[in-house]
Amino acid sequence: MTGSMLFGAFMAALLYVLIPGPAFLALLGIGAGQGRKAGALFLGGHLAGDMVWSSLALVAIVGAKTIGTTVFDVLGLFCGFYLAWLGWSALRASRRSDGASMLTVERPLRRGLIFGLTNPKGYPVALATFTALLASSSNALDFQALPLLLSASLVGFLLADGVLVVIIGASLVRRFYRRHELAIVRMSGLLFMGFAVQAIWHAAPGLLGWRKP
């Protein structure tokens, strides 16, 4: 285990959280409508999903040669179709008749936990970021390194979450989101569709036998 490998895992986790996606946009909506505390609770619940998806990504990177890639391709395909459904729903969104925020949740901690564990961006983006930042050390990775890599990832997740909590609590950000909420939601739908294509594009060749060994 080298310092560069730990730093790579830390940066991968940091970028994974900060790359705009379903959770990032949901957080903006919750923060704008319900404040910083609700946003922080949402992120606290979502952290469980972050750790699960990053663990799966690291297992896929380390163990692809021994356990195969089929199970991970199935996960990626499921994520892609689910994200396409979310994107289509966002594209068809409309403002609420009572003028309230389009995204209001009663239990943000529970919503974050469920969202994190079902986040369709989770696996494909985690796999992409961790692969990109650990590719140079792939030959030195093994299952014994996973606990330390996950610990470094946790530090990255916590730092990124802290940055996001500060951002969503800013009055300027909240006002901007509420003023342009519908446009942001619909634009996020296009972003979700793009993630869906990426996930399916990555998973389908392996399931169809088109990927070169």
# chains A, B, ... in the order shown; residues from 1 in each chain; ligands from 1

call {"tool": "residues_around", "arguments": {"residues": "A:Leu58", "least_positions_apart": "2", "cutoff": "9 Å", "atoms": "only C-alpha atoms", "output": "JSON, numbers by chain"}}
result
{"A": [53, 54, 55, 56, 60, 61, 62, 63, 126, 127, 130, 131, 143, 146, 149, 150]}

call {"tool": "closest_residue", "arguments": {"among": "A:Leu148, A:Leu77, A:Leu109, A:Ala183", "to": "A:Trp201", "atoms": "only C-alpha atoms"}}
result
A:Leu77

call {"tool": "residues_around", "arguments": {"residues": "A:Phe176", "least_positions_apart": "4", "cutoff": "12 Å", "atoms": "only C-alpha atoms", "output": "PDB file with all heavy atoms, in the first residue's frame"}}
result
ATOM      1  N   LEU A  28     -29.606  20.096  -3.626  1.00  0.00           N
ATOM      2  CA  LEU A  28     -29.880  21.507  -3.888  1.00  0.00           C
ATOM      3  C   LEU A  28     -31.343  21.836  -3.619  1.00  0.00           C
ATOM      4  O   LEU A  28     -31.666  22.862  -3.024  1.00  0.00           O
ATOM      5  CB  LEU A  28     -29.527  21.857  -5.336  1.00  0.00           C
ATOM      6  CG  LEU A  28     -28.054  22.051  -5.675  1.00  0.00           C
ATOM      7  CD1 LEU A  28     -27.900  22.388  -7.150  1.00  0.00           C
ATOM      8  CD2 LEU A  28     -27.440  23.158  -4.821  1.00  0.00           C
ATOM      9  N   GLY A  29     -32.226  20.950  -4.076  1.00  0.00           N
ATOM     10  CA  GLY A  29     -33.646  21.174  -3.863  1.00  0.00           C
ATOM     11  C   GLY A  29     -34.026  21.138  -2.394  1.00  0.00           C
ATOM     12  O   GLY A  29     -34.779  21.989  -1.914  1.00  0.00           O
ATOM     13  N   GLY A  31     -32.003  21.613   0.206  1.00  0.00           N
ATOM     14  CA  GLY A  31     -31.389  22.750   0.880  1.00  0.00           C
ATOM     15  C   GLY A  31     -32.117  24.048   0.605  1.00  0.00           C
ATOM     16  O   GLY A  31     -32.299  24.884   1.497  1.00  0.00           O
ATOM     17  N   ALA A  32     -32.555  24.246  -0.642  1.00  0.00           N
ATOM     18  CA  ALA A  32     -33.256  25.475  -1.002  1.00  0.00           C
ATOM     19  C   ALA A  32     -34.614  25.561  -0.332  1.00  0.00           C
ATOM     20  O   ALA A  32     -35.045  26.642   0.087  1.00  0.00           O
ATOM     21  CB  ALA A  32     -33.420  25.544  -2.525  1.00  0.00           C
ATOM     22  N   GLY A  33     -35.295  24.419  -0.228  1.00  0.00           N
ATOM     23  CA  GLY A  33     -36.641  24.440   0.326  1.00  0.00           C
ATOM     24  C   GLY A  33     -36.703  24.290   1.835  1.00  0.00           C
ATOM     25  O   GLY A  33     -37.615  24.813   2.471  1.00  0.00           O
ATOM     26  N   ILE A 168     -24.946  24.764   0.039  1.00  0.00           N
ATOM     27  CA  ILE A 168     -26.413  24.807  -0.011  1.00  0.00           C
ATOM     28  C   ILE A 168     -26.999  25.733   1.047  1.00  0.00           C
ATOM     29  O   ILE A 168     -28.143  26.169   0.914  1.00  0.00           O
ATOM     30  CB  ILE A 168     -27.029  23.402   0.146  1.00  0.00           C
ATOM     31  CG1 ILE A 168     -26.712  22.814   1.530  1.00  0.00           C
ATOM     32  CG2 ILE A 168     -26.557  22.480  -0.958  1.00  0.00           C
ATOM     33  CD1 ILE A 168     -27.495  21.556   1.847  1.00  0.00           C
ATOM     34  N   ALA A 170     -25.913  28.695   1.691  1.00  0.00           N
ATOM     35  CA  ALA A 170     -25.745  30.088   1.287  1.00  0.00           C
ATOM     36  C   ALA A 170     -27.067  30.648   0.753  1.00  0.00           C
ATOM     37  O   ALA A 170     -27.725  30.023  -0.076  1.00  0.00           O
ATOM     38  CB  ALA A 170     -24.653  30.198   0.228  1.00  0.00           C
ATOM     39  N   SER A 171     -27.447  31.821   1.222  1.00  0.00           N
ATOM     40  CA  SER A 171     -28.724  32.414   0.810  1.00  0.00           C
ATOM     41  C   SER A 171     -28.763  32.678  -0.689  1.00  0.00           C
ATOM     42  O   SER A 171     -29.815  32.550  -1.324  1.00  0.00           O
ATOM     43  CB  SER A 171     -28.974  33.709   1.589  1.00  0.00           C
ATOM     44  OG  SER A 171     -27.918  34.639   1.374  1.00  0.00           O
ATOM     45  N   LEU A 172     -27.627  33.032  -1.274  1.00  0.00           N
ATOM     46  CA  LEU A 172     -27.573  33.291  -2.710  1.00  0.00           C
ATOM     47  C   LEU A 172     -27.922  32.031  -3.501  1.00  0.00           C
ATOM     48  O   LEU A 172     -28.682  32.083  -4.484  1.00  0.00           O
ATOM     49  CB  LEU A 172     -26.179  33.797  -3.107  1.00  0.00           C
ATOM     50  CG  LEU A 172     -25.957  34.048  -4.605  1.00  0.00           C
ATOM     51  CD1 LEU A 172     -26.876  35.166  -5.085  1.00  0.00           C
ATOM     52  CD2 LEU A 172     -24.488  34.412  -4.862  1.00  0.00           C
ATOM     53  N   HIS A 180     -35.073  29.585 -10.297  1.00  0.00           N
ATOM     54  CA  HIS A 180     -34.919  28.840 -11.547  1.00  0.00           C
ATOM     55  C   HIS A 180     -35.165  27.345 -11.345  1.00  0.00           C
ATOM     56  O   HIS A 180     -34.638  26.520 -12.084  1.00  0.00           O
ATOM     57  CB  HIS A 180     -33.508  29.054 -12.100  1.00  0.00           C
ATOM     58  CG  HIS A 180     -33.151  30.499 -12.304  1.00  0.00           C
ATOM     59  ND1 HIS A 180     -33.664  31.263 -13.323  1.00  0.00           N
ATOM     60  CD2 HIS A 180     -32.341  31.319 -11.579  1.00  0.00           C
ATOM     61  CE1 HIS A 180     -33.165  32.488 -13.261  1.00  0.00           C
ATOM     62  NE2 HIS A 180     -32.371  32.550 -12.203  1.00  0.00           N
ATOM     63  N   GLU A 181     -35.982  26.989 -10.370  1.00  0.00           N
ATOM     64  CA  GLU A 181     -36.150  25.590  -9.985  1.00  0.00           C
ATOM     65  C   GLU A 181     -36.606  24.704 -11.141  1.00  0.00           C
ATOM     66  O   GLU A 181     -36.031  23.637 -11.389  1.00  0.00           O
ATOM     67  CB  GLU A 181     -37.153  25.480  -8.835  1.00  0.00           C
ATOM     68  CG  GLU A 181     -37.321  24.062  -8.313  1.00  0.00           C
ATOM     69  CD  GLU A 181     -38.221  23.997  -7.097  1.00  0.00           C
ATOM     70  OE1 GLU A 181     -39.011  24.947  -6.889  1.00  0.00           O
ATOM     71  OE2 GLU A 181     -38.134  23.002  -6.354  1.00  0.00           O
ATOM     72  N   LEU A 182     -37.633  25.121 -11.859  1.00  0.00           N
ATOM     73  CA  LEU A 182     -38.164  24.280 -12.926  1.00  0.00           C
ATOM     74  C   LEU A 182     -37.122  24.031 -14.014  1.00  0.00           C
ATOM     75  O   LEU A 182     -36.949  22.899 -14.483  1.00  0.00           O
ATOM     76  CB  LEU A 182     -39.418  24.917 -13.530  1.00  0.00           C
ATOM     77  CG  LEU A 182     -40.108  24.099 -14.641  1.00  0.00           C
ATOM     78  CD1 LEU A 182     -40.528  22.736 -14.124  1.00  0.00           C
ATOM     79  CD2 LEU A 182     -41.310  24.861 -15.193  1.00  0.00           C
ATOM     80  N   ALA A 183     -36.407  25.099 -14.411  1.00  0.00           N
ATOM     81  CA  ALA A 183     -35.382  24.944 -15.443  1.00  0.00           C
ATOM     82  C   ALA A 183     -34.266  24.018 -14.972  1.00  0.00           C
ATOM     83  O   ALA A 183     -33.776  23.173 -15.731  1.00  0.00           O
ATOM     84  CB  ALA A 183     -34.803  26.308 -15.816  1.00  0.00           C
ATOM     85  N   ILE A 184     -33.874  24.146 -13.689  1.00  0.00           N
ATOM     86  CA  ILE A 184     -32.803  23.303 -13.152  1.00  0.00           C
ATOM     87  C   ILE A 184     -33.236  21.842 -13.107  1.00  0.00           C
ATOM     88  O   ILE A 184     -32.475  20.937 -13.467  1.00  0.00           O
ATOM     89  CB  ILE A 184     -32.387  23.785 -11.751  1.00  0.00           C
ATOM     90  CG1 ILE A 184     -31.701  25.159 -11.845  1.00  0.00           C
ATOM     91  CG2 ILE A 184     -31.463  22.774 -11.073  1.00  0.00           C
ATOM     92  CD1 ILE A 184     -31.410  25.791 -10.503  1.00  0.00           C
TER      93      ILE A 184
END

call {"tool": "residues_around", "arguments": {"residues": "A:Gly49", "least_positions_apart": "3", "cutoff": "10 Å", "atoms": "only C-alpha atoms", "output": "list in words"}}
result
Leu43, Gly44, Gly45, His46, Val52, Trp53, Ser54, Ser55, Gly112, Leu113, Ile114, Phe115, Gly116, Leu117, Thr118, Asn119, Gly122 and Tyr123 of chain A

call {"tool": "write_last_selection", "arguments": {"atoms": "N, CA and C atoms", "output": "tab-separated table (two decimals), in the first residue's frame"}}
result
chain	number	residue	atom	x	y	z
A	43	LEU	N	-27.43	14.23	3.43
A	43	LEU	CA	-26.08	13.76	3.12
A	43	LEU	C	-25.61	12.69	4.10
A	44	GLY	N	-26.00	12.85	5.38
A	44	GLY	CA	-25.63	11.85	6.38
A	44	GLY	C	-26.19	10.47	6.03
A	45	GLY	N	-27.44	10.44	5.59
A	45	GLY	CA	-28.03	9.18	5.16
A	45	GLY	C	-27.41	8.67	3.88
A	46	HIS	N	-27.13	9.59	2.98
A	46	HIS	CA	-26.58	9.21	1.67
A	46	HIS	C	-25.18	8.62	1.78
A	52	VAL	N	-21.22	1.98	0.10
A	52	VAL	CA	-21.58	0.71	-0.56
A	52	VAL	C	-21.11	0.72	-2.01
A	53	TRP	N	-21.41	1.81	-2.74
A	53	TRP	CA	-21.06	1.86	-4.16
A	53	TRP	C	-19.55	1.92	-4.37
A	54	SER	N	-18.86	2.66	-3.51
A	54	SER	CA	-17.40	2.72	-3.65
A	54	SER	C	-16.78	1.36	-3.33
A	55	SER	N	-17.36	0.64	-2.36
A	55	SER	CA	-16.87	-0.70	-2.04
A	55	SER	C	-17.03	-1.63	-3.23
A	112	GLY	N	-32.20	10.36	2.42
A	112	GLY	CA	-30.81	10.26	1.99
A	112	GLY	C	-30.30	8.83	1.99
A	113	LEU	N	-30.69	8.06	3.02
A	113	LEU	CA	-30.26	6.66	3.12
A	113	LEU	C	-30.81	5.85	1.94
A	114	ILE	N	-32.11	6.00	1.68
A	114	ILE	CA	-32.73	5.26	0.58
A	114	ILE	C	-32.15	5.72	-0.75
A	115	PHE	N	-32.01	7.05	-0.91
A	115	PHE	CA	-31.49	7.59	-2.16
A	115	PHE	C	-30.06	7.11	-2.40
A	116	GLY	N	-29.27	7.11	-1.34
A	116	GLY	CA	-27.87	6.69	-1.49
A	116	GLY	C	-27.73	5.25	-1.90
A	117	LEU	N	-28.58	4.38	-1.34
A	117	LEU	CA	-28.49	2.95	-1.64
A	117	LEU	C	-29.09	2.59	-2.99
A	118	THR	N	-29.92	3.49	-3.55
A	118	THR	CA	-30.53	3.23	-4.85
A	118	THR	C	-30.08	4.24	-5.89
A	119	ASN	N	-29.10	5.07	-5.55
A	119	ASN	CA	-28.64	6.12	-6.45
A	119	ASN	C	-28.12	5.51	-7.75
A	122	GLY	N	-24.54	5.87	-8.69
A	122	GLY	CA	-23.55	5.34	-7.77
A	122	GLY	C	-22.50	4.44	-8.37
A	123	TYR	N	-22.92	3.28	-8.89
A	123	TYR	CA	-21.93	2.31	-9.33
A	123	TYR	C	-21.13	2.75	-10.56

call {"tool": "residues_around", "arguments": {"residues": "A:Ala84", "least_positions_apart": "2", "cutoff": "10 Å", "atoms": "only C-alpha atoms", "output": "VMD selection string"}}
result
chain A and resid 78 to 82 86 to 90 120 189 to 197 199 to 200

call {"tool": "closest_residue", "arguments": {"among": "A:Ser188, A:Thr129, A:Ser4, A:Ser151", "to": "A:Leu25", "atoms": "only C-alpha atoms"}}
result
A:Ser188
